[in-house]
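Novice: Quick one: structure below, then a few questions.
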Amino acid sequence: WLTEVKVQSLPAIKKEPYSPSLSELLPRIYFTPLNFSFEKTKGSMESWQSYGEWQYQLLSGRDQLPPALKEELQKRTANCNTPYEKIAVIYQYLASTTRYVSIQLGIGGLQPIAAADVNRTGFGDCKGLSNYMRAMLTELGIPSVYTVISTTNRRLLADFASANQNNHVILQVPLPNDTLWLECTNPTLPLGYVHHSIAGHDALLVGPNGGTLCQLPTYADSLNTQVNNTLVILQPDGSAKVEVKQTSRLFQYEDMASIIDMESARQKDWLRSDINLVQAKVDAIRANEIKRKEPQLDISYTIESEQYGNKTGKRLFIPINIFHRSFYSPNNQGERTQSIQTHYGYLDIDSISIRLPEGYEIESLPKPVDQESKFGKFRSSITLGEAGNVLIVHRLLYHQGNYPKEDYTDFLDFRKSIATQYGAKIILKKAETTIQTVSE
């Protein structure tokens, strides 16, 4: 039989900021065989359970390990007291002895290469590396589950099984008091950390009884934090020396983690790219990565700028916050046609202490702001301290979410208000000097 599908008079889609992906905007029809015979295997796509049965067949016999590796695994974990400790050791072994290579071989790229071949060659794709890790854990008596997932589709069609809804494989390790999700493609990620491309996504657990749909955990927006603690020592000519201590956690850690392996020059460029100054010299970078299930990256560095402030006559115009150059609010492009999607929720806290130069006094300060909407919360405060210091605190909690197109004006207003606060100025004025004349 023949099925023909036509789409006629499909209008062009206007590109809009914060819009859904094309896969959500365009009409789609999925086709899949109900029962199939493929490369000497037989399976059914009647349900995710039956599809999982076929996937499990593809793992058969591919978990065999050479005797030398078995001996090495036992040796490396001999002093481990818990399953978690053993998993940590083997995860590190995977990181140090293998690398990722995309391999579209086998049954449509759906069957992993054998664990023994990964051990022999030192490379594999997501299927091969996950299967290899699974085989090594099995040798140590630790059960794990081969897990098929998508890095692009958050939701799978629960009543329609098909291979092309997923594009990745990870490993689930159920423990008595916890469940670990292992990203074997990139084992440099902390053990058990659920990275942004899979957090909250649907997945298919593949076991001897077939496939079972589940949903991976994710993190509250308020936990994806970046905190900047900053001291600005301002000079009368508008130059400044700045000391920065930055702490990033979870998704914001993930965004910054690549800086660890960069050369010094690239590290400086990376940090400078989000600093809103015309001229800035970044130096003295120190980074400390805390690898745990909820990872953290601490970075400290200095900034020297000859143009931190703008001097005009007796006045200095000082930026209130230099750290959010990339935060912008798009212009309203007329009537909105698509819904609004924000894919990333986070919490930014900036605490900036500015030490004012001698001989200057404050002429104007931005007004504090405290606003809340469905899109998030923003609060700014400015306090005057002793010894001529100004302390600015900006706190932005930004929500991940889906909103109707009718909210677009409110959404833009929320972002514009925050961008205005980040771009605000403190105006300093040179203090008048009083000259007293003493007559005899």
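Residue numbering restarts at 1 for every chain of the structure tokens, chains are lettered A, B, ... in their displayed order, and ligands are numbered from 1 as they appear.
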Report as a list in words all protein, DNA and RNA residues lying within 7 Å of stretch 123-125 of chain A, evaluated on only C-alpha atoms, omitting residues in the same chain fewer than 2 positions from it.

Specialist: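 So the residues in contact are Thr98, Arg99, Tyr100, Val101, Ser102, Ile103, Val118, Thr121, Lys127, Gly128, Leu129 and Thr185 of chain A.
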
Novice: What would the file look like if the residues just selected were written as an mmCIF file, in the first residue's frame with N, CA and C atoms?

Specialist:
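Output below, filename again-v1.cif:
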```cif
data_model
loop_
_atom_site.group_PDB
_atom_site.id
_atom_site.type_symbol
_atom_site.label_atom_id
_atom_site.label_comp_id
_atom_site.auth_asym_id
_atom_site.auth_seq_id
_atom_site.Cartn_x
_atom_site.Cartn_y
_atom_site.Cartn_z
ATOM 1 N N THR A 98 38.953 6.391 27.697
ATOM 2 C CA THR A 98 38.143 6.374 26.470
ATOM 3 C C THR A 98 37.879 7.788 25.984
ATOM 4 N N ARG A 99 37.438 7.880 24.741
ATOM 5 C CA ARG A 99 37.013 9.158 24.182
ATOM 6 C C ARG A 99 35.793 8.914 23.297
ATOM 7 N N TYR A 100 35.036 9.969 23.100
ATOM 8 C CA TYR A 100 33.810 9.872 22.302
ATOM 9 C C TYR A 100 34.126 10.000 20.822
ATOM 10 N N VAL A 101 33.600 9.085 20.023
ATOM 11 C CA VAL A 101 33.644 9.165 18.560
ATOM 12 C C VAL A 101 32.270 8.752 18.056
ATOM 13 N N SER A 102 31.659 9.576 17.217
ATOM 14 C CA SER A 102 30.343 9.246 16.671
ATOM 15 C C SER A 102 30.472 8.115 15.666
ATOM 16 N N ILE A 103 29.781 7.019 15.926
ATOM 17 C CA ILE A 103 29.872 5.826 15.072
ATOM 18 C C ILE A 103 28.465 5.432 14.642
ATOM 19 N N VAL A 118 35.284 -1.534 22.678
ATOM 20 C CA VAL A 118 35.547 -0.221 23.274
ATOM 21 C C VAL A 118 36.819 -0.296 24.114
ATOM 22 N N THR A 121 39.857 -0.471 21.586
ATOM 23 C CA THR A 121 40.153 0.701 20.763
ATOM 24 C C THR A 121 40.260 1.995 21.563
ATOM 25 N N LYS A 127 26.155 5.071 22.628
ATOM 26 C CA LYS A 127 25.669 3.712 22.852
ATOM 27 C C LYS A 127 26.799 2.812 23.357
ATOM 28 N N GLY A 128 27.930 2.883 22.644
ATOM 29 C CA GLY A 128 29.054 2.025 23.000
ATOM 30 C C GLY A 128 29.622 2.330 24.374
ATOM 31 N N LEU A 129 29.775 3.609 24.708
ATOM 32 C CA LEU A 129 30.353 3.982 26.003
ATOM 33 C C LEU A 129 29.401 3.658 27.148
ATOM 34 N N THR A 185 29.136 9.729 27.622
ATOM 35 C CA THR A 185 29.736 10.421 26.488
ATOM 36 C C THR A 185 30.727 11.484 26.952
#
```

Novice: Taking 3 positions as the minimum chain separation for residues in the same chain, which residues sit within 10 Å of A:Pro66 when counting only C-alpha atoms? Answer as a list in words.

Specialist: Leu69, Lys70, Glu71, Ala115, Ala116, Asp117, Asn119 and Arg120 of chain A

Novice: From the DSSP assignment of the backbone, select every residue of stretch 54-259 of chain A that is strand (DSSP E), and format the answer as a PyMOL selection string.

Specialist: chain A and resi 99-100+123-124+145-149+168-175+178-182+202-207+210-215+225-234+240-249

Novice: Of the candidates A:Leu250, A:Ile340, A:Ile426, A:Ile260, which shows the shortest atom-to-atom distance to A:Tyr308, using only C-alpha atoms?

Specialist: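 Checking each candidate against A:Tyr308, we get A:Ile426 as the closest.
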
Novice: DSSP says alpha helix (DSSP H) for which residues of stretch 188-437 of chain A? Put them as a ChimeraX atom specification?

Specialist: /A:251-256,264-272,408-422

Novice: Take the selection from the previous step and output its residues with N, CA and C atoms, as a CSV table (one decimal), in the first residue's frame.

Specialist:
```csv
chain,number,residue,atom,x,y,z
A,251,PHE,N,23.5,24.5,36.2
A,251,PHE,CA,23.5,24.9,34.8
A,251,PHE,C,24.5,26.0,34.6
A,252,GLN,N,24.6,26.9,35.5
A,252,GLN,CA,25.6,28.0,35.3
A,252,GLN,C,27.0,27.5,35.5
A,253,TYR,N,27.2,26.5,36.3
A,253,TYR,CA,28.5,25.9,36.3
A,253,TYR,C,28.8,25.3,35.0
A,254,GLU,N,27.8,24.6,34.4
A,254,GLU,CA,28.0,23.9,33.1
A,254,GLU,C,28.4,24.9,32.0
A,255,ASP,N,27.8,26.1,32.1
A,255,ASP,CA,28.1,27.1,31.1
A,255,ASP,C,29.5,27.6,31.2
A,256,MET,N,30.0,27.6,32.4
A,256,MET,CA,31.4,28.1,32.6
A,256,MET,C,32.5,27.1,32.7
A,264,SER,N,45.4,30.5,29.0
A,264,SER,CA,45.3,31.8,29.7
A,264,SER,C,44.6,32.9,28.9
A,265,ALA,N,45.1,33.1,27.6
A,265,ALA,CA,44.6,34.1,26.8
A,265,ALA,C,43.1,33.9,26.5
A,266,ARG,N,42.7,32.7,26.2
A,266,ARG,CA,41.3,32.4,25.9
A,266,ARG,C,40.5,32.6,27.2
A,267,GLN,N,41.0,32.3,28.3
A,267,GLN,CA,40.3,32.5,29.6
A,267,GLN,C,40.0,34.0,29.7
A,268,LYS,N,41.0,34.8,29.5
A,268,LYS,CA,40.8,36.3,29.6
A,268,LYS,C,39.7,36.8,28.6
A,269,ASP,N,39.8,36.3,27.4
A,269,ASP,CA,38.8,36.7,26.4
A,269,ASP,C,37.4,36.3,26.8
A,270,TRP,N,37.3,35.1,27.3
A,270,TRP,CA,36.0,34.5,27.7
A,270,TRP,C,35.4,35.4,28.8
A,271,LEU,N,36.1,35.8,29.8
A,271,LEU,CA,35.6,36.6,30.9
A,271,LEU,C,35.3,38.0,30.4
A,272,ARG,N,36.2,38.6,29.6
A,272,ARG,CA,36.1,39.9,29.1
A,272,ARG,C,34.8,40.1,28.3
A,408,TYR,N,3.5,39.0,25.4
A,408,TYR,CA,4.8,39.4,24.9
A,408,TYR,C,5.2,40.9,25.3
A,409,THR,N,4.2,41.8,25.3
A,409,THR,CA,4.5,43.1,25.7
A,409,THR,C,5.0,43.2,27.2
A,410,ASP,N,4.3,42.4,28.0
A,410,ASP,CA,4.7,42.4,29.4
A,410,ASP,C,6.1,41.7,29.6
A,411,PHE,N,6.3,40.7,28.8
A,411,PHE,CA,7.6,40.0,28.8
A,411,PHE,C,8.8,41.0,28.4
A,412,LEU,N,8.5,41.8,27.4
A,412,LEU,CA,9.5,42.8,26.9
A,412,LEU,C,9.7,43.9,28.0
A,413,ASP,N,8.6,44.3,28.6
A,413,ASP,CA,8.7,45.3,29.6
A,413,ASP,C,9.5,44.8,30.8
A,414,PHE,N,9.4,43.6,31.2
A,414,PHE,CA,10.1,43.0,32.3
A,414,PHE,C,11.6,43.0,32.0
A,415,ARG,N,12.0,42.5,30.8
A,415,ARG,CA,13.4,42.5,30.4
A,415,ARG,C,14.0,43.9,30.2
A,416,LYS,N,13.2,44.8,29.7
A,416,LYS,CA,13.7,46.2,29.5
A,416,LYS,C,14.0,46.8,30.8
A,417,SER,N,13.1,46.6,31.8
A,417,SER,CA,13.3,47.2,33.1
A,417,SER,C,14.6,46.7,33.7
A,418,ILE,N,14.9,45.4,33.6
A,418,ILE,CA,16.1,44.8,34.1
A,418,ILE,C,17.3,45.3,33.4
A,419,ALA,N,17.2,45.4,32.1
A,419,ALA,CA,18.4,45.9,31.3
A,419,ALA,C,18.7,47.3,31.6
A,420,THR,N,17.6,48.1,31.9
A,420,THR,CA,17.8,49.5,32.3
A,420,THR,C,18.6,49.6,33.6
A,421,GLN,N,18.2,48.7,34.6
A,421,GLN,CA,18.9,48.7,35.9
A,421,GLN,C,20.4,48.3,35.7
A,422,TYR,N,20.6,47.2,34.9
A,422,TYR,CA,22.0,46.8,34.7
A,422,TYR,C,22.8,47.9,34.0
```

Novice: Just the number, please: distance in Å from atom CA of A:Gln49 to atom CA of A:Thr212, one decimal.

Specialist: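 Distance reported for this atom pair: 6.0 Å.
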